$ cat work-v6.txt   # compact mmCIF, C-alpha atoms and all ligand atoms
# COMPACT_ATOMS: atom_id res chain seq x y z
CA MET A 10 0.00 0.00 0.00
CA GLU A 11 1.24 3.46 -0.84
CA THR A 12 1.08 5.85 2.11
CA LEU A 13 0.12 9.41 1.15
CA ILE A 14 1.92 12.07 3.18
CA LYS A 15 0.03 15.36 3.35
CA LYS A 16 1.35 18.52 4.96
CA LEU A 17 -1.16 20.71 6.73
CA ASN A 18 -0.89 24.28 7.83
CA TYR A 19 -2.46 25.23 11.17
CA ASP A 20 -3.20 28.79 10.06
CA LYS A 21 -4.75 27.85 6.73
CA MET A 22 -6.00 24.30 7.04
CA ASP A 23 -6.80 22.60 3.72
CA LEU A 24 -10.31 21.36 4.48
CA SER A 25 -10.56 19.21 1.36
CA LEU A 26 -7.55 17.26 2.64
CA ILE A 27 -9.18 16.87 6.06
CA ARG A 28 -12.33 15.58 4.34
CA GLU A 29 -10.24 13.13 2.30
CA ALA A 30 -8.60 11.84 5.49
CA GLY A 31 -11.98 11.57 7.21
CA ALA A 32 -13.37 9.58 4.25
CA ILE A 33 -10.52 7.05 4.58
CA ILE A 34 -11.52 6.42 8.22
CA ARG A 35 -15.22 6.11 7.30
CA ARG A 36 -14.27 3.50 4.68
CA GLY A 37 -12.43 1.49 7.34
CA GLY A 38 -8.89 2.67 6.53
CA LEU A 39 -6.12 4.11 8.72
CA VAL A 40 -4.71 7.65 8.94
CA ALA A 41 -1.94 8.91 11.24
CA PHE A 42 -2.58 12.42 12.53
CA PRO A 43 -0.91 14.99 14.77
CA THR A 44 -2.13 15.72 18.28
CA GLU A 45 -0.63 17.96 20.96
CA THR A 46 0.79 14.90 22.78
CA VAL A 47 2.16 12.52 20.11
CA TYR A 48 1.00 11.40 16.65
CA GLY A 49 -1.99 9.04 16.69
CA LEU A 50 -2.71 6.08 14.40
CA GLY A 51 -6.41 6.57 13.72
CA GLY A 52 -9.17 4.20 12.68
CA ASP A 53 -12.96 4.18 13.14
CA ALA A 54 -13.44 3.40 16.87
CA LEU A 55 -16.90 1.94 16.25
CA ASN A 56 -15.71 -0.48 13.55
CA PRO A 57 -14.07 -3.63 14.94
CA GLN A 58 -12.26 -4.29 11.66
CA SER A 59 -10.60 -0.89 11.86
CA SER A 60 -9.32 -1.67 15.35
CA GLU A 61 -7.97 -5.00 14.09
CA LYS A 62 -6.13 -3.12 11.33
CA ILE A 63 -4.61 -0.75 13.90
CA TYR A 64 -3.22 -3.65 15.95
CA ALA A 65 -1.86 -5.26 12.79
CA ALA A 66 -0.23 -2.06 11.45
CA LYS A 67 1.53 -1.43 14.78
CA GLY A 68 2.29 -5.06 15.53
CA ARG A 69 0.59 -4.37 18.86
CA PRO A 70 -0.80 -7.11 21.14
CA SER A 71 -4.59 -6.98 20.85
CA ASP A 72 -5.15 -7.00 24.63
CA ASN A 73 -3.68 -3.49 24.76
CA PRO A 74 -6.73 -1.22 24.43
CA LEU A 75 -6.97 1.87 22.21
CA ILE A 76 -7.92 5.40 23.26
CA VAL A 77 -11.07 6.77 21.57
CA HIS A 78 -10.58 10.38 20.44
CA ILE A 79 -13.56 12.73 20.24
CA ALA A 80 -13.97 16.33 19.08
CA GLU A 81 -17.06 17.33 21.09
CA LYS A 82 -17.30 16.93 24.86
CA GLU A 83 -20.92 15.75 24.65
CA ASP A 84 -19.87 12.79 22.49
CA VAL A 85 -18.47 11.10 25.60
CA TYR A 86 -22.07 10.34 26.61
CA LYS A 87 -22.53 8.26 23.45
CA ILE A 88 -19.70 5.85 24.30
CA ALA A 89 -19.56 5.89 28.12
CA ARG A 90 -22.27 4.16 30.15
CA GLN A 91 -21.67 6.47 33.12
CA VAL A 92 -19.97 9.83 33.52
CA PRO A 93 -19.38 10.45 37.25
CA GLU A 94 -19.39 13.96 38.73
CA LYS A 95 -15.60 14.01 39.22
CA ALA A 96 -15.11 13.08 35.58
CA LYS A 97 -17.31 15.99 34.54
CA GLN A 98 -15.17 18.34 36.64
CA LEU A 99 -11.98 17.00 35.02
CA MET A 100 -13.50 17.29 31.54
CA GLU A 101 -14.49 20.87 32.31
CA ALA A 102 -11.00 21.72 33.54
CA PHE A 103 -8.78 19.85 31.05
CA TRP A 104 -10.71 19.06 27.86
CA PRO A 105 -9.77 19.63 25.16
CA GLY A 106 -6.28 18.66 26.26
CA PRO A 107 -3.78 15.92 27.18
CA LEU A 108 -5.99 13.99 29.62
CA THR A 109 -7.49 10.55 28.92
CA LEU A 110 -10.34 9.34 31.12
CA ILE A 111 -11.47 5.72 31.55
CA PHE A 112 -15.24 5.14 31.73
CA PRO A 113 -17.54 2.10 31.84
CA LYS A 114 -18.05 1.32 28.15
CA ASP A 115 -21.32 1.54 26.24
CA SER A 116 -22.10 -1.48 24.04
CA ILE A 117 -21.77 0.72 20.92
CA VAL A 118 -17.96 0.46 21.36
CA PRO A 119 -16.68 -2.86 19.98
CA ASP A 120 -14.70 -5.13 22.31
CA LYS A 121 -11.88 -5.09 19.77
CA THR A 122 -11.36 -1.37 20.39
CA THR A 123 -11.02 -1.86 24.15
CA GLY A 124 -8.97 -5.05 24.05
CA GLY A 125 -11.90 -6.95 25.56
CA LEU A 126 -12.30 -4.61 28.56
CA ASP A 127 -15.70 -3.32 29.65
CA THR A 128 -14.22 0.16 30.06
CA VAL A 129 -13.31 2.67 27.37
CA ALA A 130 -10.53 5.29 27.33
CA VAL A 131 -11.62 8.68 25.94
CA ARG A 132 -9.66 11.81 25.08
CA MET A 133 -10.54 15.10 23.41
CA PRO A 134 -7.35 16.55 21.86
CA SER A 135 -6.82 20.30 21.70
CA ASP A 136 -4.82 20.10 18.46
CA LYS A 137 -6.81 21.86 15.71
CA ILE A 138 -5.91 19.43 12.93
CA ALA A 139 -6.84 16.50 15.19
CA ALA A 140 -10.21 18.05 16.04
CA ALA A 141 -11.09 18.80 12.40
CA PHE A 142 -10.00 15.31 11.35
CA ILE A 143 -12.04 13.59 14.09
CA HIS A 144 -15.12 15.55 13.01
CA ALA A 145 -14.56 14.58 9.36
CA ALA A 146 -14.03 10.94 10.37
CA GLY A 147 -17.42 10.67 12.05
CA GLY A 148 -16.58 11.73 15.59
CA PHE A 149 -14.97 8.62 17.16
CA VAL A 150 -11.38 7.86 16.20
CA ALA A 151 -9.55 5.01 17.95
CA ALA A 152 -5.89 5.94 18.08
CA PRO A 153 -2.91 4.54 19.88
CA SER A 154 0.44 6.27 19.42
CA ALA A 155 1.50 6.05 15.75
CA ASN A 156 4.67 4.02 16.28
CA ALA A 157 5.53 0.40 15.58
CA SER A 158 5.00 -1.54 18.81
CA GLY A 159 8.19 -1.47 20.89
CA ARG A 160 9.51 1.79 19.43
CA PRO A 161 9.25 5.25 21.01
CA SER A 162 6.05 7.19 20.32
CA THR A 163 6.19 9.46 17.28
CA THR A 164 6.37 13.23 17.73
CA MET A 165 6.76 14.21 14.05
CA ALA A 166 5.51 12.90 10.72
CA GLU A 167 9.03 11.72 9.77
CA HIS A 168 8.93 9.27 12.72
CA VAL A 169 5.58 7.92 11.51
CA VAL A 170 7.02 7.42 8.02
CA GLU A 171 9.92 5.41 9.54
CA ASP A 172 7.58 3.07 11.42
CA LEU A 173 4.36 2.80 9.42
CA SER A 174 5.01 3.73 5.78
CA GLY A 175 3.33 1.19 3.47
CA ARG A 176 1.02 -0.01 6.26
CA ILE A 177 -1.50 2.85 6.40
CA GLU A 178 -3.37 4.97 3.84
CA MET A 179 -2.33 8.45 4.89
CA ILE A 180 -0.18 10.54 7.24
CA LEU A 181 -1.30 14.08 8.09
CA ASP A 182 1.85 16.10 8.75
CA GLY A 183 1.32 18.91 11.25
CA GLY A 184 4.97 19.33 12.23
CA GLN A 185 6.36 18.61 15.69
CA ALA A 186 3.96 17.67 18.52
CA VAL A 187 4.24 20.43 21.12
CA ILE A 188 4.02 18.24 24.24
CA GLY A 189 5.86 15.16 23.04
CA LEU A 190 4.68 12.76 25.79
CA GLU A 191 1.49 10.68 25.78
CA SER A 192 -1.57 11.88 27.72
CA THR A 193 -2.12 11.50 31.45
CA ILE A 194 -4.57 8.62 32.00
CA VAL A 195 -7.06 8.72 34.91
CA ASP A 196 -9.48 5.89 35.62
CA VAL A 197 -12.81 7.40 36.69
CA SER A 198 -14.78 4.18 36.19
CA GLU A 199 -14.68 3.32 39.90
CA GLU A 200 -15.51 5.28 43.03
CA HIS A 201 -11.98 6.57 43.65
CA PRO A 202 -10.20 7.98 40.58
CA VAL A 203 -6.72 6.54 39.95
CA ILE A 204 -3.84 7.83 37.80
CA LEU A 205 -2.80 5.02 35.44
CA ARG A 206 -0.16 6.92 33.45
CA PRO A 207 1.61 10.19 34.34
CA GLY A 208 1.66 12.99 31.78
CA VAL A 209 1.92 16.76 31.58
CA ILE A 210 -1.35 17.11 33.49
CA THR A 211 0.12 16.33 36.88
CA LYS A 212 -1.32 14.81 40.06
CA GLU A 213 -1.26 18.26 41.67
CA MET A 214 -3.25 19.76 38.79
CA LEU A 215 -5.83 16.98 38.99
CA GLU A 216 -6.07 17.23 42.79
CA ALA A 217 -6.68 20.97 42.58
CA VAL A 218 -9.91 20.09 40.74
CA ILE A 219 -11.23 16.88 42.37
CA GLY A 220 -9.26 16.49 45.61
CA PRO A 221 -6.99 13.60 46.67
CA LEU A 222 -6.18 11.04 44.01
CA GLU A 223 -4.43 7.66 44.04
CA THR A 224 -1.66 6.61 41.64
CA ASP A 225 -1.65 3.04 40.31
CA GLN A 226 0.80 1.12 42.52
CA ALA A 227 2.32 -0.49 39.46
CA LEU A 228 3.55 2.94 38.36
CA ILE A 229 5.19 3.70 41.67
CA ALA A 230 6.94 0.34 41.85
CA PRO A 231 7.10 -0.53 38.17
CA ASP A 232 9.38 -3.50 38.64
CA SER A 233 7.16 -5.16 41.20
CA SER A 234 4.76 -7.95 40.39
CA VAL A 235 1.78 -5.58 40.72
CA LYS A 236 -0.27 -5.73 37.51
CA PRO A 237 -0.79 -2.26 36.02
CA LYS A 238 -4.40 -1.18 35.50
CA ALA A 239 -3.58 0.30 32.09
CA PRO A 240 -2.76 -2.89 30.18
CA GLY A 241 -0.31 -1.05 27.93
CA MET A 242 1.89 -0.12 30.86
CA LYS A 243 2.89 -3.75 31.38
CA TYR A 244 4.66 -3.87 28.04
CA ARG A 245 8.26 -2.80 27.87
CA HIS A 246 7.39 0.20 25.71
CA TYR A 247 10.66 0.76 24.11
CA ALA A 248 14.05 -0.85 24.39
CA PRO A 249 16.74 1.10 22.54
CA LYS A 250 19.17 -0.97 20.47
CA ALA A 251 21.94 0.24 22.78
CA VAL A 252 22.02 -0.43 26.53
CA LEU A 253 20.56 2.65 28.22
CA THR A 254 21.57 3.56 31.78
CA ILE A 255 20.25 6.53 33.75
CA VAL A 256 22.73 8.31 36.01
CA GLU A 257 21.09 10.05 38.94
CA GLY A 258 22.53 12.58 41.38
CA GLU A 259 23.70 16.15 41.76
CA SER A 260 24.51 17.67 38.35
CA LYS A 261 28.30 17.98 38.74
CA ALA A 262 28.60 14.46 40.10
CA VAL A 263 26.50 13.10 37.22
CA VAL A 264 28.72 14.79 34.62
CA GLU A 265 31.82 13.42 36.32
CA ALA A 266 30.41 9.90 36.59
CA VAL A 267 29.20 9.86 32.97
CA ASN A 268 32.58 11.10 31.72
CA HIS A 269 34.24 8.32 33.70
CA LEU A 270 31.83 5.62 32.50
CA ALA A 271 32.08 6.86 28.90
CA ALA A 272 35.88 6.88 29.00
CA ARG A 273 35.93 3.32 30.32
CA ALA A 274 33.43 2.14 27.70
CA GLU A 275 35.47 3.72 24.89
CA GLU A 276 38.62 2.02 26.23
CA GLU A 277 36.73 -1.25 25.86
CA GLY A 278 36.06 -0.34 22.22
CA LYS A 279 32.41 0.56 22.73
CA ARG A 280 30.69 3.51 21.12
CA VAL A 281 28.94 5.77 23.58
CA GLY A 282 25.88 8.03 23.41
CA ILE A 283 25.05 10.63 26.04
CA ILE A 284 21.62 12.17 26.72
CA ALA A 285 22.39 15.58 28.18
CA THR A 286 20.76 18.96 28.76
CA ASP A 287 21.77 22.38 27.42
CA GLU A 288 23.31 23.24 30.79
CA THR A 289 25.71 20.25 30.68
CA ALA A 290 26.13 19.26 27.03
CA ASP A 291 29.51 20.98 26.69
CA CYS A 292 30.91 19.25 29.79
CA TYR A 293 30.98 15.77 28.24
CA GLN A 294 34.28 14.75 26.72
CA TYR A 295 33.38 11.47 25.01
CA GLY A 296 30.85 9.92 22.67
CA THR A 297 27.90 11.35 20.76
CA VAL A 298 26.19 13.95 22.93
CA ARG A 299 22.53 14.89 22.33
CA SER A 300 20.78 17.54 24.39
CA LEU A 301 17.09 17.30 25.30
CA GLY A 302 16.94 21.07 25.81
CA ALA A 303 17.23 23.40 28.77
CA ARG A 304 16.68 21.71 32.13
CA CYS A 305 14.95 24.87 33.34
CA HIS A 306 12.30 24.37 30.62
CA GLU A 307 10.81 20.95 31.33
CA GLU A 308 8.52 21.38 28.32
CA GLU A 309 11.55 21.33 26.01
CA ILE A 310 12.81 18.12 27.60
CA SER A 311 9.49 16.31 27.14
CA MET A 312 9.12 17.61 23.58
CA HIS A 313 12.51 16.20 22.51
CA LEU A 314 12.76 12.98 24.53
CA PHE A 315 11.34 10.50 21.98
CA ASP A 316 13.15 12.17 19.08
CA VAL A 317 16.51 11.86 20.85
CA LEU A 318 15.84 8.22 21.81
CA ARG A 319 14.92 7.46 18.20
CA SER A 320 17.96 9.27 16.84
CA PHE A 321 20.29 7.04 18.85
CA ASP A 322 18.75 3.97 17.19
CA GLU A 323 20.03 5.37 13.89
CA THR A 324 23.59 5.64 15.17
CA ASP A 325 25.72 2.63 16.02
CA VAL A 326 26.27 3.41 19.70
CA ASP A 327 26.56 0.40 22.01
CA CYS A 328 25.64 2.11 25.25
CA ILE A 329 23.82 5.29 26.23
CA TYR A 330 24.10 7.21 29.49
CA SER A 331 21.31 9.63 30.34
CA GLU A 332 20.97 12.34 32.92
CA SER A 333 17.90 12.00 35.13
CA PHE A 334 15.12 14.42 36.04
CA GLY A 335 13.37 15.42 39.25
CA ASP A 336 10.00 14.00 40.22
CA ALA A 337 8.21 17.33 40.42
CA LYS A 338 5.67 18.38 37.81
CA ILE A 339 6.36 16.98 34.32
CA GLY A 340 9.51 15.32 35.66
CA GLN A 341 7.50 12.32 36.81
CA ALA A 342 6.14 11.72 33.30
CA ILE A 343 9.58 12.22 31.74
CA MET A 344 11.20 9.78 34.19
CA ASN A 345 8.38 7.25 33.70
CA ARG A 346 9.21 7.03 29.95
CA LEU A 347 12.98 7.17 30.46
CA LEU A 348 12.96 4.45 33.13
CA LYS A 349 10.90 2.18 30.88
CA ALA A 350 13.34 2.72 28.03
CA ALA A 351 16.22 1.93 30.38
CA GLY A 352 14.53 -1.17 31.78
CA HIS A 353 14.99 0.60 35.15
CA LYS A 354 18.79 0.56 35.02
CA VAL A 355 19.82 3.46 37.26
CA ILE A 356 23.19 4.36 38.77
CA HIS A 357 23.06 6.66 41.81
CA VAL A 358 26.11 8.89 42.27
P1 LIG B 1 -1.18 4.62 23.54
O1 LIG B 1 -2.36 5.25 22.90
O2 LIG B 1 -0.32 3.87 22.59
O3 LIG B 1 -0.45 5.61 24.36
O4 LIG B 1 -1.75 3.53 24.51
C1 LIG B 1 -2.96 3.70 25.15
C2 LIG B 1 -2.80 3.44 26.61
O5 LIG B 1 -4.08 3.58 27.23
C3 LIG B 1 -2.30 2.05 26.89
O6 LIG B 1 -1.33 2.06 27.92
C4 LIG B 1 -3.56 1.36 27.33
O7 LIG B 1 -3.30 0.27 28.15
C5 LIG B 1 -4.34 2.46 28.02
N1 LIG B 1 -5.78 2.20 28.00
C6 LIG B 1 -6.59 2.29 26.93
N2 LIG B 1 -7.85 1.90 27.24
C7 LIG B 1 -7.83 1.56 28.54
C8 LIG B 1 -8.81 1.06 29.45
N3 LIG B 1 -10.06 0.84 29.08
N4 LIG B 1 -8.41 0.81 30.73
C9 LIG B 1 -7.14 1.04 31.13
N5 LIG B 1 -6.17 1.50 30.30
C10 LIG B 1 -6.50 1.75 29.03
MG MG B 2 1.90 3.90 22.71
$ encode --input "work-v6.txt" --output "structure tokens" --more "lines below"
Ligand code: AMP
Ligand code: MG
Amino acid sequence: METLIKKLNYDKMDLSLIREAGAIIRRGGLVAFPTETVYGLGGDALNPQSSEKIYAAKGRPSDNPLIVHIAEKEDVYKIARQVPEKAKQLMEAFWPGPLTLIFPKDSIVPDKTTGGLDTVAVRMPSDKIAAAFIHAAGGFVAAPSANASGRPSTTMAEHVVEDLSGRIEMILDGGQAVIGLESTIVDVSEEHPVILRPGVITKEMLEAVIGPLETDQALIAPDSSVKPKAPGMKYRHYAPKAVLTIVEGESKAVVEAVNHLAARAEEEGKRVGIIATDETADCYQYGTVRSLGARCHEEEISMHLFDVLRSFDETDVDCIYSESFGDAKIGQAIMNRLLKAAGHKVIHV
């Protein structure tokens, strides 16, 4: 299959192109599209065959449910059996935006879309291309991240081309995703809401709206035997080709330790990659150094994380050392993705 790649301009959106993309979804085809978090791989959420195609295109296990994307808040009532008061407050505060909510599922949503679960994940993106596309597609677009299973999520159309070209009908290119990390997921299907995946909408932001909130234990102790409530979180999301190790500690000590580790690795004939920040990038003396951006601007770090991880897969480095990030605010979401990529290999200095 030939994959059409279509560039779209946010200021002057080509509506005939949006209609064309929507028609592909209505016919049961697949279109990758930009959102503010990461690119999504879209199919008709109410068509089980479309969901099957999504799993096949990604090579994703079919027990890993898809998020249903909507463009109108009211549409949640058509696919959720119950919308609790706290969910309404969160929708009011954060939709459209990078927050996914889990509801008891209405029977209109095929089991294939939810990986057999009787709950459904719903998000209303704020990205303008995404919203127009969802409208054109009929209002309910199932979309996991538009990467091949096991690779980092895609934050620009070029990444989607690398992973899915030839497997889907169309890619809508809206440039770089501004957030760069997947949405925060909150389960509101039971009495006490629970965070299933950290994102840029933080626990503190959620608590300011609905009061105290639990975090899924499997996220706090990700190596434990506790089964995560978001099925996707149990999969090792991404393992870089090179061995990734996170080095944690005070900045100067981290730079020193990484320089030491990198020197030793090079002595052993290994090629080294270093994930740094603008503040430290010049302090590393060995290997290929890539900066995620300024540490003082967490948004830059999250925006560039997946791109930098992907870029190291294109080099022939054998090992990667990465700086670590604090747990406050977006830091928790950044560390959640980084730790998964590193298989939780951390050196404390
Ligand atoms: P992705 O869109 O690729 O970021 O993956 C979607 C994430 O949402 C996965 O981690 C899923 O396990 C999670 N998810 C989707 N639907 C549900 C659901 N009904 N209950 C819990 N987690 C879900
Ligand atoms: Mg994903």
$ closest_residue --input "work-v6.txt" --among "A:Glu323, A:Glu277, A:Glu257, A:Asp336" --to "Lys354 in chain A" --atoms "all atoms listed in the file"
A:Glu257
$ residues_around --input "work-v6.txt" --residues "range 187-193 of chain A" --least-positions-apart "2" --cutoff "8 Å" --atoms "all atoms listed in the file" --output "NGL selection string"
:A and (45-47 or 107-109 or 154 or 162 or 164 or 185 or 195 or 204-211 or 308 or 311-315 or 342-343)
$ residues_near_ligand --input "work-v6.txt" --ligand "ligand MG 2 (chain B)" --cutoff "12 Å" --atoms "all atoms listed in the file" --output "number ranges by chain"
A: 46-50, 63-64, 67-70, 73-76, 152-164, 189-192, 206, 239-247, 315, 346
$ residues_around --input "work-v6.txt" --residues "Lys121 in chain A" --least-positions-apart "4" --cutoff "8 Å" --atoms "all atoms listed in the file" --output "ChimeraX atom specification"
/A:57,60-61,71,74,125
$ atom_distance --input "work-v6.txt" --atom1 "CA of Ile310 in chain A" --atom2 "CA of Leu253 in chain A"
17.3 Å
$ closest_residue --input "work-v6.txt" --among "A:Met214, A:Ala274, A:Ala89, A:Val256" --to "ligand LIG 1 (chain B)" --atoms "only C-alpha atoms and all ligand atoms"
A:Ala89
$ closest_residue --input "work-v6.txt" --among "A:Asp136, A:Glu171, A:Glu259, A:Glu213" --to "Gly183 in chain A" --atoms "all atoms listed in the file"
A:Asp136
$ closest_residue --input "work-v6.txt" --among "A:Asp316, A:Asp327, A:Asp127, A:Glu309" --to "Ile339 in chain A" --atoms "all atoms listed in the file"
A:Glu309
$ closest_residue --input "work-v6.txt" --among "A:His357, A:His306, A:Lys114, A:Arg319" --to "ligand LIG 1 (chain B)" --atoms "all atoms listed in the file"
A:Lys114
$ closest_residue --input "work-v6.txt" --among "A:Ala290, A:Ile138, A:Ile284, A:Leu99" --to "Arg28 in chain A" --atoms "only C-alpha atoms"
A:Ile138
$ residues_near_point --input "work-v6.txt" --point "(1.8, 4.9, 2.2)" --cutoff "12 Å" --atoms "all atoms listed in the file" --output "tab-separated table (two decimals) with C-alpha atoms, in the coordinates of the input"
chain	number	residue	atom	x	y	z
A	10	MET	CA	0.00	0.00	0.00
A	11	GLU	CA	1.24	3.46	-0.84
A	12	THR	CA	1.08	5.85	2.11
A	13	LEU	CA	0.12	9.41	1.15
A	14	ILE	CA	1.92	12.07	3.18
A	15	LYS	CA	0.03	15.36	3.35
A	38	GLY	CA	-8.89	2.67	6.53
A	39	LEU	CA	-6.12	4.11	8.72
A	40	VAL	CA	-4.71	7.65	8.94
A	41	ALA	CA	-1.94	8.91	11.24
A	66	ALA	CA	-0.23	-2.06	11.45
A	169	VAL	CA	5.58	7.92	11.51
A	170	VAL	CA	7.02	7.42	8.02
A	171	GLU	CA	9.92	5.41	9.54
A	172	ASP	CA	7.58	3.07	11.42
A	173	LEU	CA	4.36	2.80	9.42
A	174	SER	CA	5.01	3.73	5.78
A	175	GLY	CA	3.33	1.19	3.47
A	176	ARG	CA	1.02	-0.01	6.26
A	177	ILE	CA	-1.50	2.85	6.40
A	178	GLU	CA	-3.37	4.97	3.84
A	179	MET	CA	-2.33	8.45	4.89
A	180	ILE	CA	-0.18	10.54	7.24
A	181	LEU	CA	-1.30	14.08	8.09
$ atom_distance --input "work-v6.txt" --atom1 "CA of Leu347 in chain A" --atom2 "atom N4 of ligand LIG 1 (chain B)"
22.3 Å
$ axis_aligned_box --input "work-v6.txt" --around "ligand LIG 1 (chain B)" --padding-each-side "3 Å" --output "AutoDock Vina command-line options"
--center_x -5.2 --center_y 2.9 --center_z 26.9 --size_x 15.7 --size_y 11.3 --size_z 14.5
$ residues_around --input "work-v6.txt" --residues "Asn345 in chain A" --least-positions-apart "4" --cutoff "9 Å" --atoms "all atoms listed in the file" --output "PyMOL selection string"
chain A and resi 206-207+228+340-341+349-350
$ residues_near_point --input "work-v6.txt" --point "(-7.0, 21.5, 22.7)" --cutoff "8 Å" --atoms "all atoms listed in the file" --output "count of residues only"
10
$ atom_distance --input "work-v6.txt" --atom1 "CA of Leu126 in chain A" --atom2 "atom C7 of ligand LIG 1 (chain B)"
7.6 Å
$ residues_around --input "work-v6.txt" --residues "Lys97 in chain A" --least-positions-apart "3" --cutoff "12 Å" --atoms "all atoms listed in the file" --output "ChimeraX atom specification"
/A:82-83,85-86,91-94,100-104,110,112,197,218-219
$ residues_around --input "work-v6.txt" --residues "Ile27 in chain A" --least-positions-apart "6" --cutoff "9 Å" --atoms "all atoms listed in the file" --output "list of chain:residue names"
A:Leu17, A:Ile138, A:Ala141, A:Phe142, A:Ala145, A:Ala146, A:Leu181
$ decode --input "work-v6.txt" --residues "range 315-321 of chain A" --atoms "all heavy atoms" --output "short mmCIF file (atom, residue, chain, number, x, y, z; two decimals), in the first residue's frame"
data_model
loop_
_atom_site.label_atom_id
_atom_site.label_comp_id
_atom_site.auth_asym_id
_atom_site.auth_seq_id
_atom_site.Cartn_x
_atom_site.Cartn_y
_atom_site.Cartn_z
N PHE A 315 11.50 11.64 22.90
CA PHE A 315 11.34 10.50 21.98
C PHE A 315 12.20 10.68 20.72
O PHE A 315 12.72 9.71 20.18
CB PHE A 315 9.87 10.30 21.61
CG PHE A 315 9.04 9.76 22.75
CD1 PHE A 315 7.79 10.30 23.03
CD2 PHE A 315 9.50 8.73 23.54
CE1 PHE A 315 7.01 9.81 24.07
CE2 PHE A 315 8.74 8.23 24.59
CZ PHE A 315 7.48 8.78 24.86
N ASP A 316 12.34 11.92 20.27
CA ASP A 316 13.15 12.17 19.08
C ASP A 316 14.61 11.79 19.35
O ASP A 316 15.26 11.15 18.52
CB ASP A 316 13.02 13.64 18.66
CG ASP A 316 13.74 13.92 17.35
OD1 ASP A 316 13.66 13.08 16.44
OD2 ASP A 316 14.41 14.97 17.26
N VAL A 317 15.11 12.17 20.52
CA VAL A 317 16.51 11.86 20.85
C VAL A 317 16.69 10.35 21.01
O VAL A 317 17.66 9.76 20.49
CB VAL A 317 16.96 12.63 22.13
CG1 VAL A 317 18.26 12.07 22.67
CG2 VAL A 317 17.11 14.12 21.82
N LEU A 318 15.73 9.68 21.66
CA LEU A 318 15.84 8.22 21.81
C LEU A 318 15.85 7.54 20.43
O LEU A 318 16.65 6.65 20.17
CB LEU A 318 14.68 7.68 22.65
CG LEU A 318 14.77 7.98 24.15
CD1 LEU A 318 13.48 7.60 24.86
CD2 LEU A 318 15.95 7.25 24.80
N ARG A 319 14.96 8.00 19.56
CA ARG A 319 14.92 7.46 18.20
C ARG A 319 16.23 7.71 17.46
O ARG A 319 16.73 6.84 16.76
CB ARG A 319 13.81 8.12 17.38
CG ARG A 319 12.49 7.49 17.55
CD ARG A 319 11.42 8.17 16.73
NE ARG A 319 10.22 7.39 16.91
CZ ARG A 319 9.82 6.41 16.10
NH1 ARG A 319 10.47 6.15 15.00
NH2 ARG A 319 8.76 5.70 16.37
N SER A 320 16.77 8.91 17.62
CA SER A 320 17.96 9.27 16.84
C SER A 320 19.15 8.38 17.22
O SER A 320 19.98 8.07 16.38
CB SER A 320 18.31 10.75 17.04
OG SER A 320 18.90 10.95 18.30
N PHE A 321 19.19 7.93 18.47
CA PHE A 321 20.29 7.04 18.85
C PHE A 321 20.15 5.66 18.21
O PHE A 321 21.15 4.98 18.00
CB PHE A 321 20.41 6.92 20.38
CG PHE A 321 21.27 7.99 20.98
CD1 PHE A 321 20.77 8.85 21.94
CD2 PHE A 321 22.59 8.16 20.57
CE1 PHE A 321 21.57 9.85 22.49
CE2 PHE A 321 23.39 9.15 21.10
CZ PHE A 321 22.88 10.00 22.05
#
